[in-house]
>>> print(open('start31.txt').read())   # compact mmCIF, C-alpha atoms
# COMPACT_ATOMS: atom_id res chain seq x y z
CA MET L 6 122.47 114.70 79.76
CA VAL L 7 123.34 117.85 77.83
CA GLU L 8 123.58 117.19 74.12
CA THR L 9 126.74 118.01 72.19
CA ARG L 10 126.62 121.53 70.81
CA ARG L 11 127.38 122.17 67.13
CA GLY L 12 127.47 125.94 67.34
CA LEU L 13 124.60 127.83 65.85
CA GLY L 14 124.28 125.29 63.02
CA ARG L 15 122.54 125.58 59.69
CA GLY L 16 119.16 125.27 61.37
CA LEU L 17 119.18 128.48 63.39
CA SER L 18 121.38 130.55 61.10
CA ALA L 19 119.12 129.66 58.18
CA LEU L 20 116.13 131.16 59.97
CA LEU L 21 117.82 134.53 60.31
CA ASP L 22 119.16 134.41 56.75
CA ASP L 23 115.74 133.46 55.37
CA ALA L 24 114.01 136.29 57.22
CA LYS L 25 116.58 138.81 55.97
CA SER L 26 116.35 137.62 52.38
CA ALA L 27 112.54 137.65 52.18
CA THR L 28 112.26 140.99 50.38
CA THR L 29 110.13 140.07 47.35
CA GLU L 30 106.60 138.71 47.10
CA ASP L 31 107.75 135.49 45.42
CA ARG L 32 110.46 134.91 47.98
CA ARG L 33 108.06 135.61 50.84
CA ALA L 34 105.52 133.16 49.47
CA GLU L 35 108.22 130.53 49.03
CA LEU L 36 109.29 130.86 52.66
CA GLY L 37 105.78 131.01 54.05
CA VAL L 38 105.80 134.67 55.08
CA SER L 39 102.32 135.92 55.95
CA GLU L 40 100.79 139.21 57.07
CA LEU L 41 99.88 138.84 60.75
CA PRO L 42 97.75 141.29 62.78
CA LEU L 43 99.90 143.21 65.22
CA GLU L 44 97.57 142.49 68.11
CA VAL L 45 98.14 138.69 67.94
CA ILE L 46 101.91 139.13 68.21
CA HIS L 47 103.53 139.43 71.64
CA PRO L 48 107.08 140.33 72.69
CA ASN L 49 109.36 137.66 74.05
CA PRO L 50 109.61 138.22 77.84
CA GLU L 51 113.16 136.79 77.71
CA GLN L 52 114.31 139.27 75.06
CA PRO L 53 117.89 140.17 76.07
CA ARG L 54 117.56 143.82 75.14
CA LYS L 55 115.34 145.65 77.62
CA LYS L 56 115.87 149.25 76.47
CA PHE L 57 114.95 150.61 73.05
CA ASN L 58 116.32 153.95 71.88
CA GLN L 59 113.34 156.22 71.27
CA GLN L 60 115.00 158.19 68.48
CA ASP L 61 115.86 154.97 66.65
CA LEU L 62 112.24 153.83 66.97
CA ASP L 63 110.98 157.19 65.69
CA ASP L 64 113.29 156.98 62.66
CA LEU L 65 112.27 153.40 61.91
CA ALA L 66 108.57 154.25 62.26
CA GLU L 67 108.97 157.07 59.74
CA SER L 68 110.78 154.72 57.36
CA ILE L 69 107.96 152.18 57.70
CA ARG L 70 105.37 154.88 56.93
CA GLN L 71 107.24 155.67 53.73
CA ARG L 72 108.29 152.19 52.54
CA GLY L 73 106.55 149.62 54.73
CA VAL L 74 108.26 146.78 56.62
CA ILE L 75 110.91 145.49 54.23
CA GLN L 76 112.28 142.64 56.35
CA PRO L 77 109.74 140.27 57.96
CA ILE L 78 109.97 139.57 61.67
CA LEU L 79 110.53 136.03 62.93
CA VAL L 80 107.90 134.55 65.25
CA ARG L 81 106.80 131.24 66.70
CA PRO L 82 103.35 130.06 67.82
CA HIS L 83 102.82 131.41 71.32
CA PRO L 84 103.62 128.67 73.87
CA GLU L 85 100.65 129.58 76.08
CA THR L 86 98.02 131.40 73.99
CA ALA L 87 96.26 129.68 71.10
CA GLY L 88 96.12 131.72 67.90
CA ALA L 89 98.85 134.11 69.10
CA TYR L 90 102.53 134.42 68.26
CA GLU L 91 105.69 135.28 70.16
CA ILE L 92 108.46 137.41 68.63
CA VAL L 93 111.77 135.63 68.11
CA ALA L 94 113.58 138.37 66.18
CA GLY L 95 112.34 141.80 65.13
CA GLU L 96 110.71 143.37 68.20
CA ARG L 97 111.99 146.81 67.16
CA ARG L 98 110.21 146.51 63.79
CA TRP L 99 107.04 145.37 65.57
CA ARG L 100 107.15 148.36 67.92
CA ALA L 101 107.85 150.78 65.08
CA ALA L 102 105.01 149.28 63.01
CA HIS L 103 102.66 150.06 65.91
CA MET L 104 103.95 153.63 65.98
CA ALA L 105 103.52 153.93 62.21
CA GLY L 106 99.84 152.96 62.49
CA LEU L 107 100.10 149.60 60.71
CA ARG L 108 97.56 146.89 61.45
CA LYS L 109 99.57 143.97 60.06
CA ILE L 110 103.23 143.08 59.69
CA PRO L 111 104.98 140.49 57.48
CA ALA L 112 106.13 137.58 59.63
CA LEU L 113 107.92 134.29 59.18
CA SER L 114 106.56 131.68 61.62
CA ARG L 115 108.58 128.67 62.72
CA GLU L 116 108.25 126.00 65.42
CA LEU L 117 111.12 126.70 67.82
CA THR L 118 112.07 125.57 71.30
CA THR L 119 112.52 128.08 74.10
CA LEU L 120 116.29 127.52 73.98
CA GLU L 121 116.37 128.22 70.23
CA VAL L 122 114.35 131.38 70.77
CA MET L 123 116.81 132.62 73.38
CA GLU L 124 119.78 131.77 71.17
CA ILE L 125 118.38 133.54 68.12
CA ALA L 126 117.36 136.63 70.08
CA LEU L 127 120.80 136.82 71.69
CA ILE L 128 122.67 136.30 68.42
CA GLU L 129 120.60 138.86 66.53
CA ASN L 130 121.17 141.52 69.17
CA ILE L 131 124.90 140.81 69.45
CA GLN L 132 125.33 140.94 65.67
CA ARG L 133 123.54 144.26 65.56
CA ALA L 134 125.56 145.56 68.55
CA ASP L 135 122.32 146.53 70.28
CA LEU L 136 122.90 144.95 73.66
CA SER L 137 124.45 146.75 76.57
CA VAL L 138 127.21 144.77 78.25
CA LEU L 139 124.97 144.00 81.25
CA GLU L 140 122.07 142.90 79.03
CA GLU L 141 124.47 140.52 77.31
CA ALA L 142 125.70 139.22 80.67
CA ARG L 143 122.16 138.66 81.96
CA ALA L 144 121.24 136.79 78.79
CA TYR L 145 124.22 134.46 79.25
CA GLN L 146 123.25 133.97 82.89
CA ALA L 147 119.66 133.13 81.96
CA MET L 148 120.77 130.53 79.43
CA MET L 149 123.12 128.95 81.94
CA GLY L 150 120.47 128.79 84.63
CA ALA L 151 117.53 127.64 82.53
CA PHE L 152 119.25 125.20 80.18
CA ASP L 153 122.29 123.91 82.05
CA ARG L 154 124.72 125.59 79.68
CA ASN L 155 128.29 126.53 80.56
CA ALA L 156 130.52 129.28 79.19
CA ASP L 157 131.93 126.97 76.50
CA ASP L 158 128.44 126.10 75.22
CA ILE L 159 127.36 129.72 75.03
CA ALA L 160 130.61 130.85 73.40
CA LYS L 161 130.07 128.36 70.58
CA VAL L 162 126.48 129.48 70.05
CA VAL L 163 127.18 133.20 69.90
CA GLY L 164 130.52 132.99 68.14
CA ARG L 165 132.54 134.54 70.95
CA SER L 166 135.50 133.24 72.95
CA ARG L 167 134.96 131.50 76.26
CA SER L 168 137.00 134.18 78.02
CA HIS L 169 134.74 136.88 76.56
CA VAL L 170 131.64 135.18 77.94
CA ALA L 171 133.25 134.59 81.34
CA ASN L 172 134.58 138.16 81.60
CA ILE L 173 131.23 139.66 80.62
CA MET L 174 129.43 137.60 83.25
CA ARG L 175 131.87 138.72 85.97
CA LEU L 176 130.42 142.22 85.64
CA LEU L 177 127.20 141.00 87.26
CA ARG L 178 129.19 140.77 90.52
CA LEU L 179 129.64 144.55 90.57
CA PRO L 180 127.72 146.61 93.16
CA SER L 181 124.45 148.07 91.92
CA GLU L 182 125.87 151.61 91.98
CA ILE L 183 128.53 150.67 89.43
CA ARG L 184 126.04 148.72 87.30
CA ASP L 185 123.92 151.88 87.20
CA HIS L 186 126.90 153.83 85.85
CA LEU L 187 127.39 151.12 83.22
CA GLU L 188 123.75 151.21 82.16
CA GLY L 189 123.84 155.00 82.04
CA GLY L 190 126.91 155.04 79.81
CA ARG L 191 129.04 156.86 82.39
CA LEU L 192 131.39 153.88 82.64
CA THR L 193 132.47 151.37 79.99
CA ALA L 194 133.04 147.64 80.41
CA GLY L 195 136.78 148.36 80.55
CA HIS L 196 136.28 150.75 83.46
CA ALA L 197 134.09 148.21 85.25
CA ARG L 198 136.56 145.33 84.82
CA ALA L 199 139.29 147.48 86.36
CA LEU L 200 137.14 147.95 89.47
CA LEU L 201 136.02 144.35 89.94
CA GLU L 202 138.46 143.30 92.64
CA CYS L 203 138.56 146.59 94.57
CA ASP L 204 137.17 146.68 98.09
CA ASP L 205 136.27 150.35 97.67
CA ALA L 206 134.98 149.93 94.12
CA VAL L 207 131.95 152.21 94.56
CA SER L 208 133.94 155.19 95.81
CA LEU L 209 136.57 154.65 93.11
CA ALA L 210 133.85 154.49 90.46
CA GLU L 211 132.45 157.81 91.66
CA LYS L 212 135.93 159.31 91.37
CA VAL L 213 136.34 157.91 87.84
CA VAL L 214 133.01 159.37 86.75
CA ARG L 215 133.62 162.70 88.43
CA ARG L 216 137.08 163.12 86.91
CA GLY L 217 136.24 161.60 83.52
CA LEU L 218 139.15 159.14 83.74
CA ASN L 219 139.92 156.80 80.86
CA VAL L 220 140.35 153.04 81.26
CA ARG L 221 144.13 153.12 81.71
CA GLN L 222 143.85 155.80 84.34
CA THR L 223 141.13 153.79 86.08
CA GLU L 224 143.34 150.69 86.11
CA ALA L 225 146.12 152.69 87.76
CA LEU L 226 143.70 154.16 90.27
CA ALA L 227 142.29 150.70 91.06
CA ARG L 228 145.74 149.23 91.67
CA HIS L 229 146.64 152.12 93.91
CA GLY L 230 143.36 151.95 95.82
CA ALA L 231 143.62 148.18 96.25
CA GLU L 232 147.24 148.27 97.40
CA PRO L 233 147.83 145.99 100.44
CA ALA L 234 148.30 147.59 103.81
CA ARG L 235 151.90 148.47 104.55
CA SER L 236 153.83 146.75 107.30
CA LYS L 237 153.54 148.25 110.75
CA ASP L 238 157.21 149.24 110.89
CA ARG L 239 156.84 151.55 107.89
CA LYS L 240 155.75 155.10 108.58
CA PRO L 241 152.30 155.88 107.11
CA LYS L 242 152.34 158.25 104.17
CA ASP L 243 150.95 161.71 104.62
CA ALA L 244 147.93 162.88 102.65
CA ASP L 245 149.98 165.02 100.27
CA THR L 246 152.19 162.08 99.25
CA ARG L 247 149.19 159.80 98.68
CA ALA L 248 147.48 162.49 96.62
CA LEU L 249 150.62 162.99 94.52
CA GLU L 250 150.84 159.22 93.90
CA THR L 251 147.24 159.19 92.73
CA ASP L 252 147.73 162.20 90.46
CA LEU L 253 150.87 160.74 88.87
CA SER L 254 149.17 157.37 88.40
CA GLU L 255 146.24 159.01 86.64
CA VAL L 256 148.45 161.10 84.36
CA LEU L 257 150.75 158.23 83.36
CA GLY L 258 148.15 155.47 83.33
CA MET L 259 150.55 153.37 85.43
CA ASP L 260 150.97 152.54 89.11
CA VAL L 261 153.23 155.08 90.86
CA GLU L 262 154.67 154.71 94.36
CA ILE L 263 156.60 157.41 96.24
CA ARG L 264 158.88 156.54 99.15
CA ASP L 265 160.21 159.48 101.11
CA SER L 266 162.55 159.61 104.09
CA GLN L 267 163.41 163.06 105.43
CA GLY L 268 163.37 164.71 102.05
CA SER L 269 164.99 161.97 99.95
CA GLY L 270 163.62 158.78 98.50
CA SER L 271 162.45 157.13 95.31
CA VAL L 272 159.62 157.13 92.79
CA THR L 273 158.63 153.72 91.38
CA VAL L 274 156.59 153.46 88.17
CA ARG L 275 155.24 150.01 87.32
CA TYR L 276 154.45 149.25 83.68
CA ARG L 277 152.45 146.28 82.40
CA SER L 278 153.64 146.09 78.79
CA LEU L 279 156.50 147.15 76.56
CA GLU L 280 154.14 149.68 74.98
CA GLN L 281 153.70 151.36 78.34
CA LEU L 282 157.47 151.36 78.87
CA ASP L 283 157.96 152.95 75.45
CA GLU L 284 155.40 155.62 76.29
CA LEU L 285 157.08 156.35 79.63
CA CYS L 286 160.48 156.66 77.95
CA ARG L 287 159.07 158.91 75.27
CA ARG L 288 157.68 161.28 77.89
CA MET L 289 160.87 161.31 79.96
CA LEU L 290 163.17 161.87 76.98
CA VAL L 291 161.32 164.84 75.56
CA ARG L 292 163.72 167.77 75.61
CA PRO L 293 162.45 171.36 75.93
CA SER L 294 163.06 173.50 72.88
CA ARG L 295 165.75 176.11 73.26
CA ALA L 296 164.98 179.79 72.81
CA HIS L 297 166.77 181.43 69.87
>>> encode(input="start31.txt", output="structure tokens")
Amino acid sequence: MVETRRGLGRGLSALLDDAKSATTEDRRAELGVSELPLEVIHPNPEQPRKKFNQQDLDDLAESIRQRGVIQPILVRPHPETAGAYEIVAGERRWRAAHMAGLRKIPALSRELTTLEVMEIALIENIQRADLSVLEEARAYQAMMGAFDRNADDIAKVVGRSRSHVANIMRLLRLPSEIRDHLEGGRLTAGHARALLECDDAVSLAEKVVRRGLNVRQTEALARHGAEPARSKDRKPKDADTRALETDLSEVLGMDVEIRDSQGSGSVTVRYRSLEQLDELCRRMLVRPSRAH
């Protein structure tokens, strides 16, 4: 049976707070911080963040050369190798210490379960805004699969809403081509969510990237692209009309439909909020300045 969750709790949050506050020799001794050889410390294979910015590492390595490692890393005894340790929090500092030529690094060692390690690593990265949206989603997925956690459990642990966790995880359903755009920074999570339910999501994503569309424009494009097939008794629209609908949708950030019958017809603009209606009215009511 899954035990009742109490959020992060004093136990785990205290570990992060203690590691951050251990900046003096007396405080380090009080907490049990020791200088560990770099070669006996190993990265956590379940670390949520898989990519480290090289420039950030270079800057941190230079800082460590000048001032040393100010904040100890958090480790636990390695679950498989005697005499070794596994990083719980602070892999970036460990990497930068290697680059700076250090042989030892200050470390705070604690006995932690694998679940606690995953929770701390996830929380630290989220608090530091280091995770990409897909790395965050994969970390949630791993915790659900390995420890029988649901979205409510994870939301309590990481201090996010259940809907946030669920919406982030939905992005893992995207085709690999769109996930690549996300990882490469060519699309944001907002873009990706707009494309989730589209049958032609990949081609739409390519159009969004190529045109540099914002999220509102992407939402309009997705609605237009996912529009249900018209009834058989309605005459198909010509290419020029469809192109004009798309262009208007992108400019307004709203869904636009044009119906034409022998040179007369209607233009329908669908808004999703009063703010969008206000913006549409503002644009339509702008009067051209008169020449003097």
>>> atom_distance(input="start31.txt", atom1="atom CA of Leu187 of chain L", atom2="atom CA of Ala160 of chain L")
22.8 Å
>>> residues_around(input="start31.txt", residues="segment 267-282 of chain L", least_positions_apart="2", cutoff="12 Å", atoms="only C-alpha atoms", output="PyMOL selection string")
chain L and resi 221+224-225+228-229+240+246+249-251+253-265+284-289
>>> closest_residue(input="start31.txt", among="L:Arg247, L:Lys242, L:Arg70, L:Arg108", to="Ser266 of chain L", atoms="all atoms listed in the file")
L:Lys242
>>> closest_residue(input="start31.txt", among="L:Tyr90, L:Ala101, L:Leu209, L:Ala171", to="Gln60 of chain L", atoms="all atoms listed in the file")
L:Ala101
>>> residues_around(input="start31.txt", residues="Ile78 of chain L", least_positions_apart="4", cutoff="7 Å", atoms="only C-alpha atoms", output="list in words")
Ala24, Ala94, Gly95, Pro111, Ala112 and Leu113 of chain L
>>> closest_residue(input="start31.txt", among="L:Arg54, L:Gly189, L:Ser137, L:Ile128", to="Gly164 of chain L", atoms="all atoms listed in the file")
L:Ile128
>>> closest_residue(input="start31.txt", among="L:Glu141, L:Asp245, L:Glu182, L:Asp153", to="Arg165 of chain L", atoms="all atoms listed in the file")
L:Glu141
>>> atom_distance(input="start31.txt", atom1="atom CA of Leu139 of chain L", atom2="atom CA of Ser166 of chain L")
17.2 Å
>>> atom_distance(input="start31.txt", atom1="atom CA of Arg178 of chain L", atom2="atom CA of Ala126 of chain L")
24.0 Å
>>> residues_around(input="start31.txt", residues="Gln71 of chain L", least_positions_apart="6", cutoff="12 Å", atoms="only C-alpha atoms", output="list in words")
Asp64, Leu65, Ala102, Ala105, Gly106 and Leu107 of chain L
>>> write_last_selection(input="start31.txt", atoms="C-alpha atoms", output="short mmCIF file (atom, residue, chain, number, x, y, z; two decimals), in the coordinates of the input")
data_model
loop_
_atom_site.label_atom_id
_atom_site.label_comp_id
_atom_site.auth_asym_id
_atom_site.auth_seq_id
_atom_site.Cartn_x
_atom_site.Cartn_y
_atom_site.Cartn_z
CA ASP L 64 113.29 156.98 62.66
CA LEU L 65 112.27 153.40 61.91
CA ALA L 102 105.01 149.28 63.01
CA ALA L 105 103.52 153.93 62.21
CA GLY L 106 99.84 152.96 62.49
CA LEU L 107 100.10 149.60 60.71
#
>>> residues_around(input="start31.txt", residues="Glu44 of chain L", least_positions_apart="2", cutoff="10 Å", atoms="all atoms listed in the file", output="list in words")
Leu41, Pro42, Ile46, His47, Ala89, Tyr90, His103, Arg108 and Lys109 of chain L
>>> residues_around(input="start31.txt", residues="Gln146 of chain L", least_positions_apart="6", cutoff="12 Å", atoms="all atoms listed in the file", output="count of residues only")
20
>>> closest_residue(input="start31.txt", among="L:Val163, L:Val220, L:Val214, L:Leu226", to="Asp185 of chain L", atoms="only C-alpha atoms")
L:Val214
>>> closest_residue(input="start31.txt", among="L:Ala151, L:Val38, L:Ile110, L:Ala87", to="Gly73 of chain L", atoms="all atoms listed in the file")
L:Ile110
>>> axis_aligned_box(input="start31.txt", around="segment 95-106 of chain L", padding_each_side="3 Å", output="lines of an AutoDock Vina configuration file")
center_x = 106.1
center_y = 147.9
center_z = 65.2
size_x = 18.5
size_y = 18.1
size_z = 12.0
>>> decode(input="start31.txt", residues="segment 40-141 of chain L", atoms="C-alpha atoms", output="mmCIF file, in the first residue's frame")
data_model
loop_
_atom_site.group_PDB
_atom_site.id
_atom_site.type_symbol
_atom_site.label_atom_id
_atom_site.label_comp_id
_atom_site.auth_asym_id
_atom_site.auth_seq_id
_atom_site.Cartn_x
_atom_site.Cartn_y
_atom_site.Cartn_z
ATOM 1 C CA GLU L 40 36.128 16.629 2.025
ATOM 2 C CA LEU L 41 35.610 13.655 -0.295
ATOM 3 C CA PRO L 42 37.885 12.679 -3.214
ATOM 4 C CA LEU L 43 36.207 13.428 -6.517
ATOM 5 C CA GLU L 44 36.962 9.978 -7.875
ATOM 6 C CA VAL L 45 34.828 8.199 -5.226
ATOM 7 C CA ILE L 46 31.776 10.290 -6.113
ATOM 8 C CA HIS L 47 29.515 9.206 -8.975
ATOM 9 C CA PRO L 48 26.621 10.977 -10.716
ATOM 10 C CA ASN L 49 23.083 9.803 -10.124
ATOM 11 C CA PRO L 50 21.977 7.917 -13.280
ATOM 12 C CA GLU L 51 18.395 9.063 -12.584
ATOM 13 C CA GLN L 52 19.350 12.750 -12.459
ATOM 14 C CA PRO L 53 16.446 14.552 -14.183
ATOM 15 C CA ARG L 54 18.654 17.062 -15.956
ATOM 16 C CA LYS L 55 20.583 15.399 -18.773
ATOM 17 C CA LYS L 56 22.113 18.470 -20.437
ATOM 18 C CA PHE L 57 24.536 20.882 -18.792
ATOM 19 C CA ASN L 58 25.249 24.262 -20.356
ATOM 20 C CA GLN L 59 28.960 24.361 -21.151
ATOM 21 C CA GLN L 60 29.297 28.113 -20.642
ATOM 22 C CA ASP L 61 27.680 27.841 -17.206
ATOM 23 C CA LEU L 62 30.099 25.053 -16.290
ATOM 24 C CA ASP L 63 33.067 27.113 -17.511
ATOM 25 C CA ASP L 64 31.952 30.096 -15.421
ATOM 26 C CA LEU L 65 31.416 27.956 -12.334
ATOM 27 C CA ALA L 66 34.803 26.253 -12.776
ATOM 28 C CA GLU L 67 36.500 29.651 -12.913
ATOM 29 C CA SER L 68 34.648 30.734 -9.774
ATOM 30 C CA ILE L 69 35.761 27.557 -8.003
ATOM 31 C CA ARG L 70 39.391 28.209 -9.008
ATOM 32 C CA GLN L 71 39.136 31.638 -7.418
ATOM 33 C CA ARG L 72 37.058 30.925 -4.300
ATOM 34 C CA GLY L 73 36.690 27.158 -3.960
ATOM 35 C CA VAL L 74 33.402 25.261 -3.572
ATOM 36 C CA ILE L 75 31.324 27.407 -1.240
ATOM 37 C CA GLN L 76 28.239 25.176 -0.980
ATOM 38 C CA PRO L 77 28.823 21.461 -0.269
ATOM 39 C CA ILE L 78 27.186 18.883 -2.502
ATOM 40 C CA LEU L 79 24.736 16.360 -1.069
ATOM 41 C CA VAL L 80 25.580 12.667 -1.473
ATOM 42 C CA ARG L 81 24.567 9.271 -0.154
ATOM 43 C CA PRO L 82 26.590 6.059 0.190
ATOM 44 C CA HIS L 83 26.589 4.396 -3.209
ATOM 45 C CA PRO L 84 23.907 1.666 -3.280
ATOM 46 C CA GLU L 85 26.139 -0.761 -5.192
ATOM 47 C CA THR L 86 29.806 0.181 -4.640
ATOM 48 C CA ALA L 87 31.387 0.036 -1.193
ATOM 49 C CA GLY L 88 33.384 3.116 -0.247
ATOM 50 C CA ALA L 89 31.813 5.208 -3.022
ATOM 51 C CA TYR L 90 29.119 7.868 -3.010
ATOM 52 C CA GLU L 91 26.270 8.878 -5.300
ATOM 53 C CA ILE L 92 25.366 12.526 -5.928
ATOM 54 C CA VAL L 93 21.947 13.584 -4.681
ATOM 55 C CA ALA L 94 22.249 17.327 -5.340
ATOM 56 C CA GLY L 95 25.151 19.300 -6.786
ATOM 57 C CA GLU L 96 26.301 17.443 -9.904
ATOM 58 C CA ARG L 97 27.094 20.753 -11.626
ATOM 59 C CA ARG L 98 29.466 21.709 -8.790
ATOM 60 C CA TRP L 99 31.079 18.265 -8.973
ATOM 61 C CA ARG L 100 31.627 18.593 -12.728
ATOM 62 C CA ALA L 101 32.991 22.125 -12.389
ATOM 63 C CA ALA L 102 35.324 21.023 -9.576
ATOM 64 C CA HIS L 103 36.772 18.425 -11.958
ATOM 65 C CA MET L 104 37.273 21.132 -14.577
ATOM 66 C CA ALA L 105 38.911 23.408 -12.008
ATOM 67 C CA GLY L 106 41.480 20.714 -11.164
ATOM 68 C CA LEU L 107 40.293 20.014 -7.611
ATOM 69 C CA ARG L 108 40.970 16.632 -6.042
ATOM 70 C CA LYS L 109 38.394 16.875 -3.253
ATOM 71 C CA ILE L 110 35.028 18.539 -2.758
ATOM 72 C CA PRO L 111 33.057 19.352 0.422
ATOM 73 C CA ALA L 112 30.135 16.952 0.724
ATOM 74 C CA LEU L 113 27.281 16.278 3.108
ATOM 75 C CA SER L 114 26.508 12.544 3.252
ATOM 76 C CA ARG L 115 23.117 11.198 4.296
ATOM 77 C CA GLU L 116 21.370 7.813 4.189
ATOM 78 C CA LEU L 117 18.557 8.257 1.673
ATOM 79 C CA THR L 118 16.194 5.967 -0.185
ATOM 80 C CA THR L 119 16.101 5.928 -3.970
ATOM 81 C CA LEU L 120 12.715 7.687 -3.887
ATOM 82 C CA GLU L 121 14.098 10.446 -1.655
ATOM 83 C CA VAL L 122 17.060 10.866 -3.985
ATOM 84 C CA MET L 123 14.764 11.281 -6.979
ATOM 85 C CA GLU L 124 12.551 13.736 -5.110
ATOM 86 C CA ILE L 125 15.451 15.904 -3.952
ATOM 87 C CA ALA L 126 17.110 15.923 -7.376
ATOM 88 C CA LEU L 127 13.818 16.878 -9.029
ATOM 89 C CA ILE L 128 13.004 19.594 -6.495
ATOM 90 C CA GLU L 129 16.469 21.140 -6.651
ATOM 91 C CA ASN L 130 16.390 21.348 -10.441
ATOM 92 C CA ILE L 131 12.855 22.755 -10.546
ATOM 93 C CA GLN L 132 13.694 25.391 -7.940
ATOM 94 C CA ARG L 133 16.733 26.421 -9.933
ATOM 95 C CA ALA L 134 14.713 26.404 -13.197
ATOM 96 C CA ASP L 135 17.347 24.160 -14.772
ATOM 97 C CA LEU L 136 15.119 21.474 -16.207
ATOM 98 C CA SER L 137 13.753 21.540 -19.698
ATOM 99 C CA VAL L 138 10.040 20.831 -19.862
ATOM 100 C CA LEU L 139 10.661 17.333 -21.274
ATOM 101 C CA GLU L 140 13.269 16.521 -18.620
ATOM 102 C CA GLU L 141 10.704 17.501 -16.002
#
